[in-house]
Each structure stands twice: as structure tokens, then as C-alpha cells.
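Have a look at upload16.cif; it's mmCIF, C-alpha atoms and all ligand atoms:
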data_protein
loop_
_atom_site.label_atom_id
_atom_site.label_comp_id
_atom_site.auth_asym_id
_atom_site.auth_seq_id
_atom_site.Cartn_x
_atom_site.Cartn_y
_atom_site.Cartn_z
CA MET A 1 21.92 -0.48 15.03
CA ARG A 2 18.64 1.34 15.32
CA HIS A 3 16.55 2.26 12.30
CA LEU A 4 16.25 6.02 12.10
CA LEU A 5 13.13 5.87 9.93
CA ASN A 6 11.13 4.48 12.82
CA LEU A 7 11.53 8.11 14.00
CA ASP A 8 10.04 7.23 17.31
CA ASP A 9 10.44 8.43 20.86
CA GLU A 10 13.75 6.61 21.00
CA LEU A 11 15.32 9.17 18.68
CA MET A 12 13.94 12.07 20.74
CA GLU A 13 15.29 10.46 23.90
CA TRP A 14 18.64 9.85 22.30
CA LEU A 15 18.90 13.46 21.11
CA GLY A 16 18.01 14.60 24.63
CA MET A 17 20.70 12.38 26.08
CA GLN A 18 23.25 13.94 23.76
CA GLY A 19 22.22 17.34 25.10
CA GLN A 20 20.71 18.28 21.73
CA PRO A 21 17.82 20.74 21.48
CA ALA A 22 14.42 19.39 20.36
CA TYR A 23 14.62 21.17 17.00
CA ARG A 24 17.35 18.78 15.88
CA ALA A 25 14.62 16.21 15.24
CA LYS A 26 12.90 18.69 12.93
CA GLN A 27 16.17 19.28 11.10
CA LEU A 28 16.60 15.55 10.63
CA HIS A 29 13.07 15.31 9.23
CA GLN A 30 13.83 18.12 6.82
CA TRP A 31 16.93 16.40 5.54
CA LEU A 32 15.14 13.11 5.07
CA PHE A 33 11.81 14.18 3.65
CA GLU A 34 12.38 17.54 1.99
CA LYS A 35 15.95 17.31 0.84
CA ARG A 36 16.03 13.54 0.45
CA ALA A 37 19.46 13.21 2.00
CA SER A 38 20.95 9.77 1.56
CA ASN A 39 23.30 9.78 4.55
CA PHE A 40 24.13 11.71 7.70
CA ASP A 41 27.14 13.38 6.09
CA ASP A 42 24.81 15.24 3.72
CA MET A 43 23.16 16.92 6.74
CA THR A 44 25.49 19.90 6.78
CA ASN A 45 23.69 22.02 9.37
CA LEU A 46 24.31 19.33 12.00
CA SER A 47 27.69 19.47 13.69
CA LYS A 48 30.34 17.08 12.50
CA SER A 49 30.39 15.34 15.87
CA LEU A 50 26.62 14.84 15.92
CA ARG A 51 26.78 13.39 12.42
CA THR A 52 29.48 10.99 13.53
CA GLN A 53 27.45 9.94 16.57
CA LEU A 54 24.32 9.46 14.47
CA THR A 55 26.26 7.35 11.99
CA ALA A 56 27.49 5.15 14.82
CA GLU A 57 24.05 4.67 16.40
CA PHE A 58 21.48 4.79 13.61
CA GLN A 59 21.06 3.52 10.10
CA ILE A 60 18.83 5.36 7.64
CA TRP A 61 18.53 2.48 5.18
CA THR A 62 17.89 -1.11 6.19
CA THR A 63 16.84 -2.36 2.75
CA GLN A 64 18.72 -2.96 -0.45
CA ILE A 65 17.29 -2.44 -3.90
CA ALA A 66 17.38 -5.98 -5.27
CA LYS A 67 15.76 -4.95 -8.52
CA HIS A 68 14.61 -1.71 -10.15
CA LEU A 69 12.35 -1.96 -13.19
CA GLU A 70 10.99 0.83 -15.38
CA ALA A 71 8.05 0.51 -17.75
CA GLY A 72 7.46 2.62 -20.84
CA ASP A 73 4.47 4.33 -19.23
CA GLY A 74 6.57 5.85 -16.42
CA THR A 75 5.79 3.17 -13.84
CA GLU A 76 8.77 2.07 -11.78
CA LYS A 77 8.93 -0.88 -9.46
CA LEU A 78 11.38 -1.70 -6.70
CA LEU A 79 12.03 -5.11 -5.24
CA LEU A 80 13.46 -4.38 -1.80
CA GLU A 81 15.44 -6.85 0.21
CA LEU A 82 14.95 -6.35 3.94
CA ALA A 83 17.67 -6.76 6.56
CA ASP A 84 16.52 -10.33 7.34
CA GLY A 85 16.41 -11.32 3.68
CA GLY A 86 12.63 -10.98 3.29
CA ARG A 87 11.56 -9.27 0.08
CA ILE A 88 8.80 -6.81 -0.67
CA GLU A 89 7.68 -4.81 -3.68
CA CYS A 90 6.67 -1.19 -4.06
CA VAL A 91 5.70 0.87 -7.08
CA LEU A 92 5.81 4.47 -8.33
CA LEU A 93 3.04 5.39 -10.79
CA ARG A 94 3.03 8.53 -12.92
CA ASP A 95 -0.28 9.85 -14.18
CA GLU A 96 -0.26 13.41 -15.51
CA SER A 97 0.65 15.49 -12.45
CA ARG A 98 0.05 12.64 -10.01
CA ARG A 99 2.97 10.84 -8.48
CA SER A 100 1.41 7.91 -6.65
CA ILE A 101 3.10 5.11 -4.81
CA CYS A 102 1.83 1.68 -3.91
CA ILE A 103 3.45 0.19 -0.83
CA SER A 104 3.46 -3.21 0.88
CA SER A 105 2.41 -3.90 4.46
CA GLN A 106 3.73 -7.42 5.12
CA VAL A 107 6.27 -9.90 3.78
CA GLY A 108 3.85 -12.22 2.03
CA CYS A 109 0.20 -12.35 3.06
CA ALA A 110 -1.97 -14.61 5.20
CA MET A 111 -5.32 -13.86 3.55
CA GLY A 112 -4.99 -16.55 0.88
CA CYS A 113 -7.01 -14.91 -1.92
CA VAL A 114 -6.76 -17.68 -4.49
CA PHE A 115 -5.84 -15.52 -7.49
CA CYS A 116 -3.19 -13.34 -5.82
CA ALA A 117 0.57 -13.90 -6.06
CA SER A 118 1.41 -12.24 -2.72
CA GLY A 119 -0.10 -14.89 -0.49
CA LEU A 120 0.96 -18.02 -2.33
CA ASP A 121 3.56 -18.82 0.33
CA GLY A 122 1.71 -17.36 3.30
CA VAL A 123 2.99 -14.55 5.48
CA ASP A 124 6.47 -14.23 7.01
CA ARG A 125 6.05 -11.11 9.12
CA ASN A 126 4.67 -7.61 9.49
CA LEU A 127 6.70 -4.68 8.21
CA THR A 128 8.01 -2.20 10.77
CA THR A 129 7.07 1.48 10.71
CA GLY A 130 10.59 2.21 9.48
CA GLU A 131 10.17 -0.22 6.60
CA PHE A 132 6.93 1.49 5.56
CA VAL A 133 8.67 4.86 5.62
CA GLU A 134 11.67 3.47 3.80
CA GLN A 135 9.48 2.35 0.89
CA MET A 136 8.08 5.89 0.68
CA LEU A 137 11.53 7.48 0.70
CA ARG A 138 13.08 5.01 -1.73
CA LEU A 139 10.28 5.74 -4.21
CA ALA A 140 10.37 9.52 -3.61
CA ARG A 141 14.06 9.44 -4.45
CA LEU A 142 13.24 8.16 -7.94
CA LEU A 143 11.64 11.53 -8.69
CA PRO A 144 13.56 14.59 -9.89
CA GLU A 145 14.22 17.13 -7.12
CA GLU A 146 11.35 19.44 -8.06
CA GLU A 147 8.70 16.70 -7.95
CA ARG A 148 6.92 15.41 -4.85
CA LEU A 149 4.87 12.34 -4.09
CA SER A 150 1.18 13.20 -4.24
CA HIS A 151 -0.71 9.99 -3.39
CA ILE A 152 -0.14 6.80 -1.42
CA VAL A 153 -2.07 3.57 -1.75
CA VAL A 154 -1.40 0.75 0.68
CA MET A 155 -2.22 -1.88 -1.92
CA GLY A 156 0.99 -3.81 -2.26
CA MET A 157 1.81 -7.12 -0.66
CA GLY A 158 0.09 -8.03 2.58
CA GLU A 159 -3.01 -7.05 4.52
CA PRO A 160 -2.54 -3.54 5.96
CA LEU A 161 -5.32 -3.95 8.52
CA ALA A 162 -3.43 -6.89 10.00
CA ASN A 163 -0.52 -4.49 10.67
CA LEU A 164 -2.25 -1.28 11.79
CA ASP A 165 0.01 -0.67 14.79
CA ARG A 166 2.98 -0.09 12.51
CA LEU A 167 1.13 1.33 9.53
CA LEU A 168 -0.61 4.20 11.33
CA PRO A 169 2.58 5.85 12.65
CA ALA A 170 4.06 5.57 9.15
CA LEU A 171 1.02 7.28 7.60
CA GLU A 172 1.28 9.92 10.30
CA ILE A 173 4.77 10.69 9.00
CA ALA A 174 3.55 10.58 5.39
CA SER A 175 0.80 13.09 6.08
CA SER A 176 2.66 15.34 8.51
CA PRO A 177 3.81 18.74 7.19
CA THR A 178 7.24 17.92 8.64
CA GLY A 179 7.17 14.51 6.94
CA LEU A 180 6.13 13.97 3.33
CA GLY A 181 3.24 16.42 3.61
CA ILE A 182 0.77 14.28 1.66
CA SER A 183 -2.84 15.13 2.42
CA PRO A 184 -4.63 12.25 4.22
CA ARG A 185 -7.28 12.60 1.54
CA ARG A 186 -4.73 11.34 -0.92
CA ILE A 187 -3.85 8.28 1.12
CA THR A 188 -5.83 5.06 0.65
CA ILE A 189 -5.71 1.88 2.68
CA SER A 190 -6.96 -1.23 0.93
CA THR A 191 -8.31 -4.14 2.95
CA VAL A 192 -9.69 -7.59 2.32
CA GLY A 193 -12.24 -6.62 5.00
CA LEU A 194 -11.30 -7.43 8.60
CA PRO A 195 -14.23 -6.16 10.69
CA PRO A 196 -12.51 -5.65 14.08
CA ALA A 197 -9.67 -3.69 12.49
CA MET A 198 -12.13 -1.68 10.37
CA ARG A 199 -13.97 -0.81 13.59
CA ARG A 200 -10.73 0.31 15.19
CA LEU A 201 -9.92 2.48 12.18
CA SER A 202 -13.35 4.14 12.32
CA ARG A 203 -12.83 4.86 15.99
CA GLU A 204 -9.21 5.95 16.02
CA CYS A 205 -8.20 7.18 12.65
CA SER A 206 -10.71 7.93 9.92
CA ARG A 207 -8.67 10.50 8.01
CA TYR A 208 -7.70 8.21 5.16
CA ASN A 209 -9.62 6.70 2.27
CA LEU A 210 -10.70 3.11 2.69
CA ALA A 211 -10.89 0.61 -0.16
CA VAL A 212 -12.50 -2.76 0.46
CA SER A 213 -11.67 -5.70 -1.80
CA LEU A 214 -14.95 -7.49 -2.56
CA HIS A 215 -14.31 -9.67 -5.62
CA ALA A 216 -17.70 -11.39 -5.29
CA PRO A 217 -21.30 -10.27 -4.78
CA ASN A 218 -22.35 -13.15 -2.53
CA ASP A 219 -20.80 -15.17 0.30
CA GLU A 220 -20.86 -18.46 -1.55
CA LEU A 221 -18.54 -17.21 -4.26
CA ARG A 222 -16.53 -14.95 -1.97
CA ASN A 223 -15.79 -17.86 0.37
CA LYS A 224 -14.10 -19.56 -2.58
CA LEU A 225 -12.11 -16.59 -3.86
CA VAL A 226 -11.30 -14.91 -0.55
CA PRO A 227 -11.09 -17.71 2.06
CA VAL A 228 -11.00 -15.36 5.09
CA ASN A 229 -14.56 -14.46 4.15
CA ARG A 230 -15.71 -17.69 5.77
CA ASN A 231 -15.07 -16.15 9.18
CA THR A 232 -16.86 -12.88 8.49
CA GLY A 233 -19.21 -12.67 5.55
CA LEU A 234 -20.11 -9.74 3.33
CA GLU A 235 -22.82 -8.32 5.56
CA GLU A 236 -20.53 -7.54 8.46
CA ILE A 237 -17.84 -6.15 6.16
CA LEU A 238 -20.28 -3.83 4.41
CA ALA A 239 -21.69 -2.70 7.76
CA GLU A 240 -18.17 -1.80 8.91
CA ALA A 241 -17.48 -0.04 5.61
CA ASP A 242 -20.63 2.04 6.19
CA ASN A 243 -19.43 2.85 9.71
CA TYR A 244 -16.15 4.02 8.30
CA PHE A 245 -17.98 6.27 5.87
CA GLU A 246 -20.01 7.71 8.77
CA ALA A 247 -16.83 8.42 10.68
CA SER A 248 -14.73 9.71 7.80
CA GLY A 249 -17.21 11.31 5.42
CA ARG A 250 -14.92 9.97 2.70
CA ARG A 251 -16.44 8.14 -0.22
CA LEU A 252 -15.68 4.42 -0.01
CA THR A 253 -14.01 2.43 -2.74
CA PHE A 254 -14.87 -1.20 -3.43
CA GLU A 255 -12.45 -3.24 -5.48
CA TYR A 256 -13.50 -6.09 -7.67
CA VAL A 257 -10.92 -8.17 -9.52
CA LEU A 258 -12.63 -9.46 -12.63
CA LEU A 259 -11.78 -13.12 -13.19
CA GLY A 260 -12.76 -14.74 -16.50
CA ASP A 261 -15.77 -17.11 -16.17
CA LEU A 262 -15.67 -16.92 -12.37
CA ASN A 263 -17.12 -13.63 -11.15
CA ASP A 264 -17.66 -11.78 -14.44
CA GLN A 265 -21.13 -12.96 -15.45
CA VAL A 266 -24.20 -10.78 -15.87
CA GLU A 267 -25.78 -12.29 -12.77
CA HIS A 268 -22.73 -11.25 -10.71
CA ALA A 269 -22.96 -7.70 -11.98
CA GLN A 270 -26.67 -7.64 -11.16
CA GLN A 271 -26.11 -8.93 -7.64
CA LEU A 272 -23.30 -6.46 -7.13
CA GLY A 273 -25.59 -3.66 -8.28
CA VAL A 274 -28.14 -4.64 -5.62
CA LEU A 275 -25.49 -5.06 -2.94
CA LEU A 276 -23.94 -1.64 -3.42
CA ARG A 277 -27.00 0.36 -4.43
CA GLY A 278 -27.41 3.56 -2.45
CA ARG A 279 -23.91 3.47 -1.00
CA PRO A 280 -21.71 6.52 -1.50
CA ALA A 281 -19.05 4.47 -3.19
CA LEU A 282 -16.83 4.02 -6.17
CA LEU A 283 -16.59 0.53 -7.62
CA ASN A 284 -13.11 -0.08 -8.92
CA VAL A 285 -13.10 -3.01 -11.33
CA ILE A 286 -9.67 -4.50 -12.00
CA PRO A 287 -9.41 -6.91 -14.93
CA TYR A 288 -7.28 -9.78 -13.62
CA ASN A 289 -3.57 -9.54 -14.15
CA PRO A 290 -2.54 -13.15 -14.83
CA VAL A 291 -0.10 -14.74 -12.40
CA ALA A 292 2.30 -17.41 -13.67
CA GLY A 293 1.26 -20.84 -12.45
CA LEU A 294 -2.31 -19.87 -11.47
CA PRO A 295 -5.27 -21.01 -13.57
CA TYR A 296 -7.20 -17.71 -13.56
CA LYS A 297 -7.60 -15.55 -16.62
CA THR A 298 -8.49 -12.02 -17.70
CA PRO A 299 -12.07 -11.83 -19.00
CA SER A 300 -12.59 -11.12 -22.70
CA SER A 301 -13.25 -7.51 -23.64
CA THR A 302 -16.85 -8.49 -24.42
CA ALA A 303 -17.32 -9.89 -20.91
CA GLN A 304 -15.74 -6.78 -19.43
CA ARG A 305 -18.02 -4.47 -21.43
CA ARG A 306 -21.10 -6.48 -20.48
CA PHE A 307 -20.19 -6.36 -16.80
CA ARG A 308 -19.66 -2.64 -16.96
CA GLU A 309 -22.94 -1.95 -18.75
CA VAL A 310 -25.03 -3.83 -16.19
CA LEU A 311 -23.45 -1.87 -13.36
CA GLU A 312 -23.80 1.46 -15.13
CA GLN A 313 -27.47 0.71 -15.68
CA ALA A 314 -27.79 -0.08 -11.97
CA GLY A 315 -26.57 3.50 -11.38
CA LEU A 316 -23.28 2.58 -9.76
CA ASN A 317 -20.26 4.80 -9.86
CA ILE A 318 -17.83 2.52 -11.63
CA GLN A 319 -14.29 2.77 -12.84
CA PHE A 320 -12.23 0.20 -14.70
CA ARG A 321 -8.69 0.41 -13.49
CA GLN A 322 -6.23 1.23 -16.21
CA ARG A 323 -3.43 -1.20 -16.47
CA LYS A 324 -0.10 0.25 -15.64
CA GLY A 325 3.33 -1.26 -15.54
CA ASN A 326 2.15 -4.58 -16.95
CA GLU A 327 5.42 -5.42 -18.57
CA ILE A 328 7.25 -5.04 -15.25
CA ASN A 329 4.90 -7.30 -13.28
CA ALA A 330 3.61 -4.37 -11.28
CA ALA A 331 0.73 -6.35 -9.79
CA CYS A 332 1.07 -7.52 -6.22
CA GLY A 333 3.75 -10.00 -5.39
CA GLN A 334 4.60 -11.04 -8.91
CA LEU A 335 8.11 -9.68 -9.20
CA ARG A 336 9.16 -11.28 -5.95
CA ARG A 337 8.16 -14.70 -7.23
CA LEU A 338 9.91 -14.28 -10.54
CA THR A 339 13.21 -13.08 -9.10
CA PRO A 340 15.59 -15.66 -7.72
CA GLN A 341 16.51 -15.00 -4.12
CA VAL A 342 20.07 -13.75 -3.74
CA VAL A 343 20.38 -13.80 0.03
CA PRO A 344 18.96 -16.84 1.81
CA LEU A 345 16.11 -16.03 4.21
CA ASP A 346 17.89 -17.20 7.33
CA THR A 347 20.95 -14.92 7.06
N1 LIG A 401 -4.82 -7.07 1.29
C1 LIG A 401 -5.32 -5.85 0.69
C2 LIG A 401 -4.32 -5.25 -0.30
C3 LIG A 401 -4.04 -6.20 -1.41
S1 LIG A 401 -3.60 -5.74 -3.01
C4 LIG A 401 -6.62 -6.12 -0.01
O1 LIG A 401 -7.02 -7.27 -0.10
O2 LIG A 401 -7.27 -5.16 -0.43
C5 LIG A 401 -4.75 -4.66 -3.67
C6 LIG A 401 -5.75 -5.26 -4.64
O3 LIG A 401 -5.17 -5.96 -5.75
C7 LIG A 401 -6.69 -6.22 -3.95
O4 LIG A 401 -8.00 -5.89 -4.30
C8 LIG A 401 -6.26 -7.54 -4.57
O5 LIG A 401 -7.27 -8.50 -4.50
C9 LIG A 401 -5.89 -7.14 -5.99
N2 LIG A 401 -5.11 -8.13 -6.73
C10 LIG A 401 -4.28 -9.08 -6.22
N3 LIG A 401 -3.73 -9.81 -7.21
C11 LIG A 401 -4.22 -9.34 -8.36
C12 LIG A 401 -4.02 -9.70 -9.74
N4 LIG A 401 -3.21 -10.66 -10.10
N5 LIG A 401 -4.70 -8.97 -10.68
C13 LIG A 401 -5.51 -7.95 -10.32
N6 LIG A 401 -5.71 -7.56 -9.04
C14 LIG A 401 -5.08 -8.25 -8.07
#
Hey, can you dump this file as C-alpha cells for me?
Ligand code: SAH
Amino acid sequence: MRHLLNLDDELMEWLGMQGQPAYRAKQLHQWLFEKRASNFDDMTNLSKSLRTQLTAEFQIWTTQIAKHLEAGDGTEKLLLELADGGRIECVLLRDESRRSICISSQVGCAMGCVFCASGLDGVDRNLTTGEFVEQMLRLARLLPEEERLSHIVVMGMGEPLANLDRLLPALEIASSPTGLGISPRRITISTVGLPPAMRRLSRECSRYNLAVSLHAPNDELRNKLVPVNRNTGLEEILAEADNYFEASGRRLTFEYVLLGDLNDQVEHAQQLGVLLRGRPALLNVIPYNPVAGLPYKTPSSTAQRRFREVLEQAGLNIQFRQRKGNEINAACGQLRRLTPQVVPLDT
């Protein structure tokens, strides 16, 4: 069975072969994205026979909701089980009128950041375009009919820039008026910093916001926390981030996970101030969200305040990320680890 949410040329071809006019594709989009239909039988302006044929050839959903958690602050998290048994997480965040989602890009992650739960077992595979879109739709369907998704961050499990070929068509659907209609300015891709892929993004598709995960102000420390840094180094990553800014005109975001006694000292803040000075950027500091079994800890509130003050004095645009959905393990890859697998991976 083919996955309808890949919504690729195959569907257009198939509709053509059935002698269907091109606007059928638009009608299908409307049912999926505007009316949030859950199956072909809901699509009442398609003929009964077309619905039957679609049901025989295509599936809309390839994932199952293995777990659905809701936090008191309105955050909801889904653990999705993919057709091959792989599991990914995605999150809906409510903040005043914002309805943001955080989606995954891979099953697991190959980057090996030492403090992160997503990469502890390495990477299994890239997600397909359909699986990206399915996360968006599954989360949209948690909203009441009159509400729409407003923002997307690709900050879940995995490294999105290692899966650009499948991510970009999915974001195309997310931002298309006939898809989810979310402005590209409200879509953010977060990367550990892979220079060749950043270059490609600057060249081919600079409509979205780019966030770069730094986590350290010098290569010596970054090599320890973010092992892929050994192949690249901060200088090249920052140069590519600047290129992206040139191409997009969109203010950059740098992320910095604050780890107690590791990268939270005054000297780190000072170095970071020098490193980012003059860049049109927002520094997003994320106090570490502890992961069971890992030795890293959240810095004390005094250490956090001190870090912030140094950077504010350096004139940086800084934001401490509010914690959301803590009690439901909303940080990357945590829920997956804590939930026993129901279906074995090889089925
Ligand atoms: N691979 C992409 C997306 C990863 S997740 C990237 O590296 O940017 C998005 C952010 O959450 C990254 O900055 C990541 O380092 C951070 N993160 C991972 N685990 C965390 C944890 N336990 N607490 C706080 N932030 C975490």
C-alpha cells in the first residue's frame, strides 16, 4: 500500500490513470489539511467508487499512537509507532494564541551529543516525507476544529539536515496554502551544524528560520559535548550560519543547552559573548532537562542567572527557554526510552 501523505507525483499519476481531473488532488488536500478527515469515506465530494479505489490503493495513516500524554500546561506529546516498529516522538505546545509543534526527523540520531536521549542508541533510519506530514496531521487533529497550527519547529529526534531530501517536500506541504498554510517564517529547522547541508539550504531553500545548536563557545569543549564537531569546528559552522542569514534575511537562532558545571561558567558566557558579538542572532539558552541514566545536571538558578547576566552585558539578544511539558518527558527522545516497546523492531 502506498502512503497518501507522501502526496507526490505518484498520486497525480494515479489520479490521471483513473481518468480523474487534476482538481481531485486539491480536493484531497482540502479534506486532509483543512477538514482533517480521518479516512477516505469522510471525503463526501469524491464519488463512492473513487473512495473505494483510494481505500484499496492508499493508506492515509501508517503510524499508530503508542502513547498520548497531556501536561497541565497544555503540552501534549505523542509517541508514534511507525509501520516497521520504529518509534518517534512529536509534541504540541500551546502558548497564548500560538499552537506550535515539534517534530522528529529520524528514528534515533547519529550525532551522538553526549547529553541527549535521542542518540543514545544511534540512528535507525530517516523518516519519509509522509511520516513528517503524518506527525503534523496527528498533532493538528489534537486541536479543536476552529484552531490551526501556527508554528513548526523541527527540533525533535534526529538531525533534520541529515534528511533534507525528505524534509523539504514536507515543509513545502506545511507552508503551502493548499497544505497547512503555515508561513515559512513560522517554521524553524534546528541543526547540530552540518556545513555542506547548511550550504545547500542557503542555496536552495532559505525561506525558513535556522537554529544552530552550539552548546559550547570553543572547539575543545564542543568536541566533547557534540562529537560531530571534531569533523567541522565552530568557525565553519558559524560561517555557514552567516551565509544562511545573507540568503534568508532571517535572524539566526543559536541554541545552548546549559549543563551544570560543564558549559555554564562565567568564562563560557564571556567566550560566547565574543563569539556571537555583532551577529544578528537570538541566543536561546535551554537549562538541561535531565535524562535518566545520564550524569548531566541542570545548573543551579544562581549559575543560570550569572550566565545570563554576562551575556546581557555583552549585548547579546538572549532568551532562556521556558520549560514546557516537563512532567510528560517532552524533551527529545525521553519518552521513547521510558516506554517499553510493544511491537518488536523486526516485525
Ligand atoms: N539535531 C538537531 C535537533 C535536535 S533537538 C540539533 O542538534 O539542533 C533540539 C535541541 O534540543 C538541540 O539543541 C538539542 O541539543 C537540545 N537537547 C537535547 N537533549 C536535551 C535535554 N535533555 N535538555 C535540553 N535540551 C536538549
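Of the residues listed (A:Gly85, A:Pro227, A:Pro21, A:Gly249), A:Pro227 shows the shortest atom-to-atom separation from ligand LIG 401 (chain A); distances use all atoms listed in the file.
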### Exercise answer, 7 Å around ligand LIG 401 (chain A) with all atoms listed in the file, as a list in words
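So the residues close to ligand LIG 401 (chain A) are Cys113, Phe115, Cys116, Ala117, Val154, Met155, Gly156, Met157, Gly158, Glu159, Pro160, Ser190, Thr191, Val192, Ala211, Val212, Ser213, Glu255, Tyr256, Val257, Ile286, Pro287, Tyr288, Asn289, Pro290, Val291, Ala331 and Cys332 of chain A.
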Which polymer residues, protein or nucleic acid, are no farther than 8 Å from (7.1, -14.4, 5.9), counting only C-alpha atoms, as a PDB file with C-alpha atoms, in the frame of the given file?
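What landed in part37.pdb:
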ATOM      1  CA  GLY A  86      12.630 -10.980   3.290  1.00  0.00           C
ATOM      2  CA  GLN A 106       3.730  -7.420   5.120  1.00  0.00           C
ATOM      3  CA  VAL A 107       6.270  -9.900   3.780  1.00  0.00           C
ATOM      4  CA  GLY A 108       3.850 -12.220   2.030  1.00  0.00           C
ATOM      5  CA  CYS A 109       0.200 -12.350   3.060  1.00  0.00           C
ATOM      6  CA  ASP A 121       3.560 -18.820   0.330  1.00  0.00           C
ATOM      7  CA  GLY A 122       1.710 -17.360   3.300  1.00  0.00           C
ATOM      8  CA  VAL A 123       2.990 -14.550   5.480  1.00  0.00           C
ATOM      9  CA  ASP A 124       6.470 -14.230   7.010  1.00  0.00           C
ATOM     10  CA  ARG A 125       6.050 -11.110   9.120  1.00  0.00           C
TER      11      ARG A 125
END
### Task
Might you pull out every residue within 12 Å of Asp42 in chain A, with only C-alpha atoms counted and same-chain residues fewer than 5 positions away left off, and present them as a ChimeraX atom specification?
/A:28,30-32,35-37,47-48,51-52,55
## Note on the structure
Residue with the minimum atom-to-atom distance to Gln53 in chain A, picked from A:Lys67, A:Thr178, A:Met1, A:Leu171 with all atoms listed in the file counted, is A:Met1
So which residues touch Asn209 in chain A within 9 Å, counting all atoms listed in the file, skipping near sequence neighbours fewer than 6 positions away, as a short mmCIF file (atom, residue, chain, number, x, y, z; two decimals) with C-alpha atoms, in the coordinates of the input?
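And here is the file that came out, out37.cif:
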data_model
loop_
_atom_site.label_atom_id
_atom_site.label_comp_id
_atom_site.auth_asym_id
_atom_site.auth_seq_id
_atom_site.Cartn_x
_atom_site.Cartn_y
_atom_site.Cartn_z
CA PRO A 184 -4.63 12.25 4.22
CA ARG A 185 -7.28 12.60 1.54
CA ARG A 186 -4.73 11.34 -0.92
CA ILE A 187 -3.85 8.28 1.12
CA THR A 188 -5.83 5.06 0.65
CA ILE A 189 -5.71 1.88 2.68
CA SER A 190 -6.96 -1.23 0.93
CA SER A 248 -14.73 9.71 7.80
CA ARG A 250 -14.92 9.97 2.70
CA ARG A 251 -16.44 8.14 -0.22
CA LEU A 252 -15.68 4.42 -0.01
CA THR A 253 -14.01 2.43 -2.74
#
### Query
Suppose you want the space between CA of Thr232 in chain A and CA of Pro195 in chain A; what is it in Å?
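If I compute the distance from CA of Thr232 in chain A to CA of Pro195 in chain A, I get 7.5 Å.
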### Task
Could you give me, as a PyMOL selection string, the residues within 8 Å of Val266 in chain A, counting all atoms listed in the file and dropping anything in the same chain fewer than 3 positions from it?
chain A and resi 269-270+306-307+310
### Task
Quote the spacing between CA of Gln64 in chain A and CA of Leu180 in chain A in Å to one decimal place.
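Value for the CA of Gln64 in chain A-CA of Leu180 in chain A distance: 21.4 Å.
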### Message
Please compute the CA of Arg166 in chain A-CA of Leu127 in chain A distance, one decimal, in Å.
### Response
7.3 Å
